[in-house]
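Shown here: data.csv, CSV, C-alpha atoms.
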chain,number,residue,atom,x,y,z
A,159,MET,CA,-52.2,-43.1,-1.4
A,160,GLU,CA,-54.8,-40.3,-0.9
A,161,THR,CA,-54.9,-37.8,-3.8
A,162,ARG,CA,-56.0,-34.2,-3.6
A,163,ARG,CA,-59.3,-35.2,-5.1
A,164,ASP,CA,-59.8,-37.7,-2.3
A,165,GLU,CA,-59.0,-35.0,0.3
A,166,ARG,CA,-61.6,-32.7,-1.3
A,167,ILE,CA,-64.2,-35.5,-1.4
A,168,GLN,CA,-63.6,-36.2,2.3
A,169,LYS,CA,-64.0,-32.5,3.2
A,170,LEU,CA,-67.3,-32.5,1.3
A,171,ILE,CA,-68.5,-35.6,3.1
A,172,LEU,CA,-67.7,-34.0,6.5
A,173,ALA,CA,-69.5,-30.8,5.5
A,174,LEU,CA,-72.6,-32.8,4.5
A,175,LYS,CA,-72.7,-34.4,8.0
A,176,ARG,CA,-73.7,-30.9,9.2
A,177,THR,CA,-76.2,-30.1,6.4
A,178,ASP,CA,-78.3,-31.9,3.9
A,179,LYS,CA,-76.9,-30.1,0.9
A,180,LEU,CA,-74.2,-27.7,-0.1
A,181,HIS,CA,-74.4,-25.2,-3.0
A,182,LEU,CA,-71.7,-25.7,-5.6
A,183,LYS,CA,-70.5,-22.1,-5.1
A,184,ASP,CA,-70.2,-22.5,-1.3
A,185,ALA,CA,-68.4,-25.8,-1.8
A,186,ALA,CA,-65.8,-24.1,-4.1
A,187,GLN,CA,-65.2,-21.4,-1.4
A,188,LEU,CA,-64.9,-24.1,1.3
A,189,LEU,CA,-62.3,-26.0,-0.6
A,190,GLY,CA,-60.5,-23.0,-2.2
A,191,VAL,CA,-60.9,-24.4,-5.7
A,192,SER,CA,-63.0,-23.5,-8.8
A,193,GLU,CA,-66.5,-24.8,-9.4
A,194,MET,CA,-65.2,-26.6,-12.5
A,195,THR,CA,-62.7,-28.5,-10.3
A,196,ILE,CA,-65.5,-29.8,-8.1
A,197,ARG,CA,-67.6,-30.7,-11.1
A,198,ARG,CA,-64.6,-32.7,-12.4
A,199,ASP,CA,-64.1,-34.4,-9.1
A,200,LEU,CA,-67.7,-35.5,-8.9
A,201,SER,CA,-67.9,-36.7,-12.5
A,202,GLU,CA,-65.3,-39.4,-11.8
A,203,PRO,CA,-66.4,-42.8,-10.4
A,204,ALA,CA,-66.2,-43.9,-6.8
A,205,SER,CA,-67.5,-40.7,-5.3
A,206,THR,CA,-70.0,-40.9,-2.4
A,207,VAL,CA,-71.3,-37.4,-3.0
A,208,VAL,CA,-73.0,-36.2,-6.1
A,209,LEU,CA,-74.0,-32.9,-7.8
A,210,LEU,CA,-77.7,-32.5,-8.1
A,211,GLY,CA,-79.4,-29.4,-9.4
A,212,GLY,CA,-76.5,-27.1,-8.5
A,213,TYR,CA,-76.2,-28.6,-5.0
A,214,ILE,CA,-73.8,-31.2,-3.6
A,215,VAL,CA,-75.6,-34.0,-1.7
A,216,SER,CA,-74.8,-37.4,-0.3
A,217,ASP,CA,-75.4,-40.2,-2.9
A,218,PRO,CA,-78.7,-41.8,-1.9
A,219,LYS,CA,-77.7,-45.2,-3.5
A,220,SER,CA,-78.2,-48.1,-1.2
A,221,HIS,CA,-78.5,-51.0,-3.6
A,222,VAL,CA,-77.9,-52.0,-7.2
A,223,GLY,CA,-80.4,-52.6,-10.1
A,224,HIS,CA,-82.7,-49.7,-9.5
A,225,TYR,CA,-83.2,-46.2,-10.9
A,226,PHE,CA,-81.3,-43.5,-8.9
A,227,VAL,CA,-81.6,-39.9,-10.0
A,228,SER,CA,-78.0,-39.3,-9.0
A,229,ASP,CA,-76.9,-42.0,-11.5
A,230,GLN,CA,-78.9,-40.6,-14.4
A,231,HIS,CA,-78.2,-36.9,-14.1
A,232,GLY,CA,-75.1,-36.9,-16.3
A,233,GLN,CA,-76.3,-39.6,-18.7
A,234,ASN,CA,-76.9,-38.4,-22.3
A,235,ALA,CA,-76.3,-34.8,-21.2
A,236,ALA,CA,-75.8,-33.5,-24.7
A,237,LYS,CA,-79.1,-35.1,-25.9
A,238,LYS,CA,-81.0,-33.6,-22.9
A,239,GLN,CA,-79.5,-30.1,-23.6
A,240,ARG,CA,-80.7,-30.3,-27.3
A,241,LEU,CA,-84.1,-31.5,-26.1
A,242,ALA,CA,-84.3,-28.5,-23.8
A,243,GLN,CA,-83.7,-26.2,-26.8
A,244,ALA,CA,-86.8,-27.7,-28.4
A,245,ALA,CA,-89.0,-27.5,-25.3
A,246,VAL,CA,-88.1,-24.2,-23.7
A,247,SER,CA,-90.0,-22.0,-26.2
A,248,LEU,CA,-93.3,-23.8,-25.3
A,249,ILE,CA,-93.4,-21.9,-22.0
A,250,GLY,CA,-94.8,-18.4,-22.2
A,251,GLU,CA,-95.1,-15.5,-19.8
A,252,ASN,CA,-97.4,-16.1,-16.8
A,253,ASP,CA,-97.9,-19.8,-17.7
A,254,THR,CA,-98.6,-22.3,-15.0
A,255,VAL,CA,-96.4,-25.3,-15.7
A,256,PHE,CA,-96.1,-28.8,-14.1
A,257,PHE,CA,-92.5,-30.1,-14.2
A,258,ASP,CA,-92.2,-33.8,-13.7
A,259,CYS,CA,-89.5,-35.7,-11.9
A,260,GLY,CA,-86.5,-37.3,-13.6
A,261,THR,CA,-83.2,-35.8,-14.9
A,262,THR,CA,-84.3,-34.4,-18.2
A,263,ILE,CA,-86.6,-31.8,-16.7
A,264,PRO,CA,-83.9,-29.7,-15.0
A,265,TYR,CA,-82.2,-29.2,-18.4
A,266,ILE,CA,-85.4,-27.5,-19.6
A,267,ILE,CA,-85.6,-25.3,-16.5
A,268,ASP,CA,-81.9,-24.3,-16.8
A,269,ALA,CA,-82.6,-23.2,-20.4
A,270,LEU,CA,-85.4,-20.8,-19.4
A,271,PRO,CA,-84.6,-17.1,-19.4
A,272,ASP,CA,-84.1,-15.8,-15.8
A,273,ALA,CA,-86.5,-12.9,-16.5
A,274,LEU,CA,-89.4,-15.1,-17.6
A,275,PRO,CA,-92.3,-14.8,-15.2
A,276,PHE,CA,-94.2,-18.1,-14.7
A,277,THR,CA,-95.6,-20.4,-12.0
A,278,ALA,CA,-94.1,-23.8,-11.6
A,279,ILE,CA,-95.5,-26.9,-9.9
A,280,CYS,CA,-93.1,-29.7,-9.1
A,281,CYS,CA,-92.9,-32.9,-7.1
A,282,ALA,CA,-89.2,-33.7,-7.1
A,283,MET,CA,-86.2,-32.3,-5.2
A,284,ASN,CA,-83.9,-32.0,-8.2
A,285,THR,CA,-86.6,-30.2,-10.2
A,286,PHE,CA,-87.3,-27.8,-7.2
A,287,LEU,CA,-83.6,-27.0,-6.8
A,288,ALA,CA,-83.4,-26.0,-10.5
A,289,LEU,CA,-86.6,-23.9,-10.3
A,290,LYS,CA,-85.5,-22.0,-7.2
A,291,GLU,CA,-82.6,-20.6,-9.2
A,292,LYS,CA,-85.1,-18.8,-11.6
A,293,PRO,CA,-85.7,-15.4,-9.9
A,294,ALA,CA,-89.0,-14.6,-11.8
A,295,CYS,CA,-90.5,-18.1,-11.1
A,296,ASN,CA,-93.2,-18.7,-8.4
A,297,VAL,CA,-92.5,-22.3,-7.3
A,298,ILE,CA,-95.1,-24.6,-5.8
A,299,LEU,CA,-93.7,-27.9,-4.4
A,300,SER,CA,-96.1,-30.8,-3.9
A,301,GLY,CA,-95.0,-32.4,-0.7
A,302,GLY,CA,-95.5,-35.7,1.0
A,303,GLU,CA,-93.3,-38.8,1.5
A,304,PHE,CA,-89.8,-38.4,0.1
A,305,HIS,CA,-88.3,-41.1,-2.0
A,306,ALA,CA,-84.5,-40.7,-2.1
A,307,ASP,CA,-83.9,-42.9,-5.2
A,308,ASN,CA,-85.8,-40.7,-7.6
A,309,ALA,CA,-85.9,-37.6,-5.4
A,310,LEU,CA,-89.7,-37.7,-5.5
A,311,PHE,CA,-92.3,-36.5,-3.1
A,312,THR,CA,-95.6,-38.4,-3.2
A,313,PRO,CA,-98.8,-37.1,-1.4
A,314,VAL,CA,-99.8,-38.7,1.9
A,315,GLY,CA,-103.6,-39.2,1.6
A,316,ALA,CA,-106.0,-38.8,-1.3
A,317,HIS,CA,-105.5,-35.0,-1.8
A,318,SER,CA,-102.9,-33.5,-4.1
A,319,ILE,CA,-101.9,-29.9,-4.7
A,320,LEU,CA,-102.7,-30.5,-8.4
A,321,ASP,CA,-106.4,-31.0,-7.4
A,322,ASP,CA,-106.5,-27.2,-6.8
A,323,LEU,CA,-104.6,-26.0,-9.8
A,324,CYS,CA,-105.1,-25.8,-13.6
A,325,PRO,CA,-101.7,-26.0,-15.3
A,326,THR,CA,-101.3,-24.5,-18.8
A,327,LEU,CA,-99.1,-27.4,-19.7
A,328,ALA,CA,-97.3,-30.4,-18.2
A,329,PHE,CA,-93.9,-31.7,-19.0
A,330,ILE,CA,-94.1,-35.5,-18.5
A,331,SER,CA,-90.8,-37.3,-18.6
A,332,ALA,CA,-90.5,-40.9,-19.9
A,333,ALA,CA,-87.6,-43.4,-19.8
A,334,GLY,CA,-89.1,-45.5,-22.6
A,335,ILE,CA,-91.0,-44.8,-25.8
A,336,ASP,CA,-92.5,-47.8,-27.6
A,337,PRO,CA,-95.3,-48.0,-30.2
A,338,HIS,CA,-97.1,-50.8,-28.4
A,339,GLN,CA,-96.4,-50.1,-24.7
A,340,GLY,CA,-96.5,-46.3,-25.0
A,341,ALA,CA,-94.6,-44.1,-22.6
A,342,THR,CA,-93.0,-45.9,-19.6
A,343,CYS,CA,-90.8,-45.1,-16.6
A,344,TYR,CA,-88.8,-46.9,-14.0
A,345,ASN,CA,-90.8,-46.4,-10.8
A,346,LEU,CA,-94.4,-47.1,-10.0
A,347,ASN,CA,-94.4,-44.3,-7.4
A,348,GLU,CA,-94.1,-41.7,-10.2
A,349,LEU,CA,-97.4,-42.7,-11.9
A,350,ALA,CA,-99.9,-41.1,-9.6
A,351,MET,CA,-98.5,-37.6,-10.0
A,352,LYS,CA,-97.9,-38.0,-13.8
A,353,HIS,CA,-101.5,-39.1,-14.3
A,354,ARG,CA,-102.8,-36.3,-12.1
A,355,ALA,CA,-100.8,-33.7,-14.0
A,356,MET,CA,-102.0,-35.1,-17.4
A,357,LEU,CA,-105.6,-35.0,-16.2
A,358,ARG,CA,-105.4,-31.4,-14.9
A,359,SER,CA,-103.3,-29.8,-17.6
A,360,ARG,CA,-104.5,-28.2,-20.8
A,361,GLN,CA,-101.5,-29.4,-22.8
A,362,ARG,CA,-99.6,-32.6,-22.1
A,363,ILE,CA,-96.0,-32.6,-23.4
A,364,LEU,CA,-94.1,-35.9,-23.4
A,365,VAL,CA,-90.3,-35.4,-23.1
A,366,ALA,CA,-87.8,-38.2,-23.8
A,367,ASP,CA,-84.3,-37.9,-25.4
A,368,SER,CA,-83.6,-40.2,-28.3
A,369,SER,CA,-81.8,-42.8,-26.2
A,370,LYS,CA,-85.3,-43.7,-24.8
A,371,PHE,CA,-86.8,-44.7,-28.2
A,372,GLY,CA,-87.6,-48.4,-28.4
A,373,LYS,CA,-87.2,-49.0,-24.7
A,374,VAL,CA,-89.9,-50.4,-22.3
A,375,LEU,CA,-89.6,-49.9,-18.6
A,376,PRO,CA,-91.7,-51.5,-15.8
A,377,ALA,CA,-94.1,-48.6,-15.0
A,378,ARG,CA,-96.5,-47.7,-17.8
A,379,ILE,CA,-97.4,-44.0,-18.0
A,380,GLY,CA,-99.9,-44.4,-20.9
A,381,GLU,CA,-100.5,-44.8,-24.6
A,382,LEU,CA,-98.8,-42.2,-26.8
A,383,HIS,CA,-102.1,-40.8,-28.1
A,384,ARG,CA,-102.8,-39.4,-24.6
A,385,PHE,CA,-100.1,-36.7,-25.2
A,386,ASP,CA,-100.4,-33.6,-27.3
A,387,LEU,CA,-96.7,-33.3,-28.3
A,388,LEU,CA,-93.5,-35.4,-28.1
A,389,VAL,CA,-90.3,-33.4,-27.6
A,390,SER,CA,-86.9,-35.0,-28.2
A,391,ASP,CA,-83.4,-34.2,-29.4
A,392,SER,CA,-83.4,-36.1,-32.7
A,393,ALA,CA,-85.7,-38.3,-34.8
A,394,PRO,CA,-86.2,-42.0,-34.0
A,395,ASP,CA,-85.2,-44.8,-36.4
A,396,LYS,CA,-87.4,-45.3,-39.5
A,397,THR,CA,-89.7,-47.9,-38.0
A,398,LEU,CA,-90.7,-45.7,-35.0
A,399,ALA,CA,-90.7,-42.5,-37.1
A,400,ASP,CA,-93.1,-44.0,-39.7
A,401,TRP,CA,-95.4,-45.2,-36.9
A,402,LEU,CA,-95.3,-41.7,-35.2
A,403,ALA,CA,-96.1,-40.0,-38.5
A,404,GLN,CA,-99.4,-41.9,-38.6
A,405,GLN,CA,-100.4,-40.9,-35.1
A,406,PRO,CA,-102.0,-37.7,-33.8
A,407,LEU,CA,-98.8,-36.9,-31.9
A,408,PRO,CA,-96.5,-34.3,-33.4
A,409,LEU,CA,-92.8,-34.6,-32.8
A,410,ARG,CA,-90.9,-31.5,-31.9
A,411,LEU,CA,-87.1,-31.3,-32.4
A,412,PRO,CA,-84.6,-28.6,-31.9
A,413,ASP,CA,-83.6,-26.4,-34.9
A,414,SER,CA,-80.6,-27.6,-36.8
A,415,PRO,CA,-77.4,-26.0,-35.8

Entire entry expressed as structure tokens:
Amino acid sequence: METRRDERIQKLILALKRTDKLHLKDAAQLLGVSEMTIRRDLSEPASTVVLLGGYIVSDPKSHVGHYFVSDQHGQNAAKKQRLAQAAVSLIGENDTVFFDCGTTIPYIIDALPDALPFTAICCAMNTFLALKEKPACNVILSGGEFHADNALFTPVGAHSILDDLCPTLAFISAAGIDPHQGATCYNLNELAMKHRAMLRSRQRILVADSSKFGKVLPARIGELHRFDLLVSDSAPDKTLADWLAQQPLPLRLPDSP
């Protein structure tokens, strides 16, 4: 028997046949319910539409066993919010900031004051959608071929927009932090932009919530000493904490509540 939630999901699916995305506020008006109701609908399993950066989009999943940004967005949300508290004060007025792909980065963007003037460089759809909600932000999106699984644009050809820019700092997201393998992520197609941003930026900030400590993923971003700062939500276990204490890589955590 079809529930009211099922009816709402079907209406969203039909609406997305006419457009590639639907803002949460517009979806609430379309269905005559609150934004919280829609968030609750989409947080439950078996939904073919997902909430991504304040917009409702069709779920890009096509197979199992791979990283999908739609799967990861709500994972460890409380940890990502705490990490954002530690990271947000690193951005100053009129900074030029590279924001990496992944689902942790939008939490940092959401925590930024709306009145803060800064320039943002990004290469992922979910990051762009979060940045465009910041009225004082000048957004530069690096385009190219779109990869639906991790919502990433990769340059076509040798030139990248980063070749023409000098970011003040770069937020580089990792899905694994390991003393021996360094910082790692799921997808090889992320590496070129991460490496370019690390090369061009004056300060390289590695961001990973504490669930990533001790994990190793297939794509290697680089050794930990290549970064100037590691930002997380809480300290790692003693083994990794002792190792980090002996490295030239400070660990930045949010203030205690």

So that I can see what lies close to Gln405 (chain A), please list as a short mmCIF file (atom, residue, chain, number, x, y, z; two decimals) with C-alpha atoms, in the frame of the given file the residues with an atom at most 9 Å from it, counting only C-alpha atoms and leaving out residues fewer than 3 positions away in the same chain.
data_model
loop_
_atom_site.label_atom_id
_atom_site.label_comp_id
_atom_site.auth_asym_id
_atom_site.auth_seq_id
_atom_site.Cartn_x
_atom_site.Cartn_y
_atom_site.Cartn_z
CA LEU A 382 -98.80 -42.20 -26.80
CA HIS A 383 -102.10 -40.80 -28.10
CA TRP A 401 -95.40 -45.20 -36.90
CA LEU A 402 -95.30 -41.70 -35.20
CA PRO A 408 -96.50 -34.30 -33.40
#

Return the single residue from A:Ala316, A:Val255, A:Leu327, A:Val215 that is closest to Ile298 (chain A), with distances computed using all atoms listed in the file.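 Looking at the shortest contact to Ile298 (chain A), the residue is A:Val255.
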
Adding 4 Å on each side of the box along x, y and z that holds all listed atoms of region 175-190 of chain A, could you give its centre and edge lengths in Å to one decimal, as AutoDock Vina command-line options?
--center_x -69.4 --center_y -27.9 --center_z 1.8 --size_x 25.8 --size_y 21.0 --size_z 22.8

Would you mind listing what lies within 8 Å of region 331-343 of chain A as a ChimeraX atom specification, with all atoms listed in the file counted and same-chain residues fewer than 3 positions away left out? /A:258-260,262-263,346,348,364-366,370-382,398,401

Val314 (chain A): which residues within 10 Å, counting only C-alpha atoms, same-chain residues fewer than 4 positions away excluded, as an MDAnalysis selection string? chainID A and resid 301:303 318

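Of the residues under consideration (A:Ile214, A:Met283, A:Leu407, A:Ile196), A:Ile214 shows the shortest atom-to-atom contact distance to Thr177 (chain A) when counting only C-alpha atoms.
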
Rank nothing, just name the residue among A:Asn308, A:Ser201, A:Ser392, A:Thr254 nearest to Pro412 (chain A), using only C-alpha atoms.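 Looking at the shortest contact to Pro412 (chain A), the residue is A:Ser392.
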
Excluding same-chain residues fewer than 3 positions from Ile363 (chain A), what lies within 8 Å of it counting only C-alpha atoms, as a count of residues only? 9

Expressed in Å, the length from CA of Val191 (chain A) to CA of Leu209 (chain A) is 15.8 Å

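The two atoms in question, CA of Val297 (chain A) and CA of Arg354 (chain A), are spaced 18.0 Å apart.
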
Go ahead and find all residues with at least one atom no further than 10 Å from (-67.8, -34.2, 2.1) in the file's coordinates, using only C-alpha atoms; report them as a PDB file with C-alpha atoms, in the coordinates of the input.
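Result went into selection.pdb, see below:
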ATOM      1  CA  ASP A 164     -59.800 -37.700  -2.300  1.00  0.00           C
ATOM      2  CA  GLU A 165     -59.000 -35.000   0.300  1.00  0.00           C
ATOM      3  CA  ARG A 166     -61.600 -32.700  -1.300  1.00  0.00           C
ATOM      4  CA  ILE A 167     -64.200 -35.500  -1.400  1.00  0.00           C
ATOM      5  CA  GLN A 168     -63.600 -36.200   2.300  1.00  0.00           C
ATOM      6  CA  LYS A 169     -64.000 -32.500   3.200  1.00  0.00           C
ATOM      7  CA  LEU A 170     -67.300 -32.500   1.300  1.00  0.00           C
ATOM      8  CA  ILE A 171     -68.500 -35.600   3.100  1.00  0.00           C
ATOM      9  CA  LEU A 172     -67.700 -34.000   6.500  1.00  0.00           C
ATOM     10  CA  ALA A 173     -69.500 -30.800   5.500  1.00  0.00           C
ATOM     11  CA  LEU A 174     -72.600 -32.800   4.500  1.00  0.00           C
ATOM     12  CA  LYS A 175     -72.700 -34.400   8.000  1.00  0.00           C
ATOM     13  CA  ARG A 176     -73.700 -30.900   9.200  1.00  0.00           C
ATOM     14  CA  LEU A 180     -74.200 -27.700  -0.100  1.00  0.00           C
ATOM     15  CA  ALA A 185     -68.400 -25.800  -1.800  1.00  0.00           C
ATOM     16  CA  SER A 205     -67.500 -40.700  -5.300  1.00  0.00           C
ATOM     17  CA  THR A 206     -70.000 -40.900  -2.400  1.00  0.00           C
ATOM     18  CA  VAL A 207     -71.300 -37.400  -3.000  1.00  0.00           C
ATOM     19  CA  VAL A 208     -73.000 -36.200  -6.100  1.00  0.00           C
ATOM     20  CA  ILE A 214     -73.800 -31.200  -3.600  1.00  0.00           C
ATOM     21  CA  VAL A 215     -75.600 -34.000  -1.700  1.00  0.00           C
ATOM     22  CA  SER A 216     -74.800 -37.400  -0.300  1.00  0.00           C
TER      23      SER A 216
END

Point-to-point distance in Å for CA of Gly212 (chain A) and CA of Asn284 (chain A): 8.9 Å

Write out all heavy atoms for region 208-219 of chain A, as a short mmCIF file (atom, residue, chain, number, x, y, z; two decimals), in the frame of the given file.
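Dumped everything to out.cif:
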data_model
loop_
_atom_site.label_atom_id
_atom_site.label_comp_id
_atom_site.auth_asym_id
_atom_site.auth_seq_id
_atom_site.Cartn_x
_atom_site.Cartn_y
_atom_site.Cartn_z
N VAL A 208 -72.66 -36.44 -4.75
CA VAL A 208 -73.00 -36.20 -6.10
C VAL A 208 -73.53 -34.75 -6.28
O VAL A 208 -73.94 -34.11 -5.30
CB VAL A 208 -74.15 -37.15 -6.61
CG1 VAL A 208 -73.65 -38.58 -6.64
CG2 VAL A 208 -75.39 -37.03 -5.74
N LEU A 209 -73.48 -34.25 -7.51
CA LEU A 209 -74.00 -32.90 -7.80
C LEU A 209 -75.39 -33.07 -8.38
O LEU A 209 -75.63 -33.78 -9.36
CB LEU A 209 -73.08 -32.26 -8.87
CG LEU A 209 -73.41 -30.81 -9.24
CD1 LEU A 209 -73.28 -29.91 -8.01
CD2 LEU A 209 -72.49 -30.32 -10.36
N LEU A 210 -76.34 -32.38 -7.75
CA LEU A 210 -77.70 -32.50 -8.10
C LEU A 210 -78.40 -31.15 -8.11
O LEU A 210 -78.57 -30.52 -7.07
CB LEU A 210 -78.43 -33.44 -7.08
CG LEU A 210 -79.83 -33.95 -7.38
CD1 LEU A 210 -79.83 -34.84 -8.63
CD2 LEU A 210 -80.37 -34.73 -6.21
N GLY A 211 -78.74 -30.65 -9.32
CA GLY A 211 -79.40 -29.40 -9.40
C GLY A 211 -78.65 -28.20 -8.87
O GLY A 211 -79.22 -27.29 -8.28
N GLY A 212 -77.32 -28.18 -9.01
CA GLY A 212 -76.50 -27.10 -8.50
C GLY A 212 -76.09 -27.25 -7.04
O GLY A 212 -75.40 -26.39 -6.48
N TYR A 213 -76.52 -28.35 -6.41
CA TYR A 213 -76.20 -28.60 -5.00
C TYR A 213 -75.44 -29.93 -4.89
O TYR A 213 -75.69 -30.88 -5.64
CB TYR A 213 -77.45 -28.68 -4.15
CG TYR A 213 -78.08 -27.33 -3.89
CD1 TYR A 213 -78.92 -26.76 -4.82
CD2 TYR A 213 -77.82 -26.63 -2.70
CE1 TYR A 213 -79.50 -25.51 -4.60
CE2 TYR A 213 -78.39 -25.40 -2.47
CZ TYR A 213 -79.22 -24.83 -3.41
OH TYR A 213 -79.79 -23.61 -3.19
N ILE A 214 -74.54 -29.99 -3.93
CA ILE A 214 -73.80 -31.20 -3.60
C ILE A 214 -74.56 -31.92 -2.49
O ILE A 214 -74.86 -31.30 -1.46
CB ILE A 214 -72.37 -30.93 -3.24
CG1 ILE A 214 -71.64 -30.34 -4.45
CG2 ILE A 214 -71.66 -32.18 -2.76
CD1 ILE A 214 -70.32 -29.70 -4.12
N VAL A 215 -74.89 -33.19 -2.70
CA VAL A 215 -75.60 -34.00 -1.70
C VAL A 215 -74.97 -35.34 -1.58
O VAL A 215 -74.22 -35.78 -2.44
CB VAL A 215 -77.11 -34.15 -2.10
CG1 VAL A 215 -77.82 -32.81 -2.17
CG2 VAL A 215 -77.24 -34.89 -3.42
N SER A 216 -75.28 -36.02 -0.48
CA SER A 216 -74.80 -37.40 -0.30
C SER A 216 -75.52 -38.30 -1.32
O SER A 216 -76.73 -38.15 -1.55
CB SER A 216 -75.08 -37.89 1.10
OG SER A 216 -74.34 -37.12 2.03
N ASP A 217 -74.79 -39.23 -1.89
CA ASP A 217 -75.40 -40.20 -2.90
C ASP A 217 -76.40 -41.05 -2.17
O ASP A 217 -76.05 -41.75 -1.22
CB ASP A 217 -74.26 -41.00 -3.48
CG ASP A 217 -74.73 -41.77 -4.71
OD1 ASP A 217 -75.95 -41.96 -4.85
OD2 ASP A 217 -73.88 -42.16 -5.52
N PRO A 218 -77.67 -41.04 -2.62
CA PRO A 218 -78.70 -41.80 -1.90
C PRO A 218 -78.68 -43.31 -2.27
O PRO A 218 -79.51 -44.06 -1.79
CB PRO A 218 -80.00 -41.19 -2.44
CG PRO A 218 -79.65 -40.68 -3.81
CD PRO A 218 -78.22 -40.22 -3.70
N LYS A 219 -77.73 -43.75 -3.10
CA LYS A 219 -77.70 -45.20 -3.50
C LYS A 219 -77.56 -46.09 -2.28
O LYS A 219 -76.75 -45.87 -1.41
CB LYS A 219 -76.48 -45.41 -4.39
CG LYS A 219 -76.85 -45.60 -5.84
CD LYS A 219 -75.65 -45.97 -6.66
CE LYS A 219 -74.64 -44.86 -6.68
NZ LYS A 219 -73.67 -45.02 -7.75
#
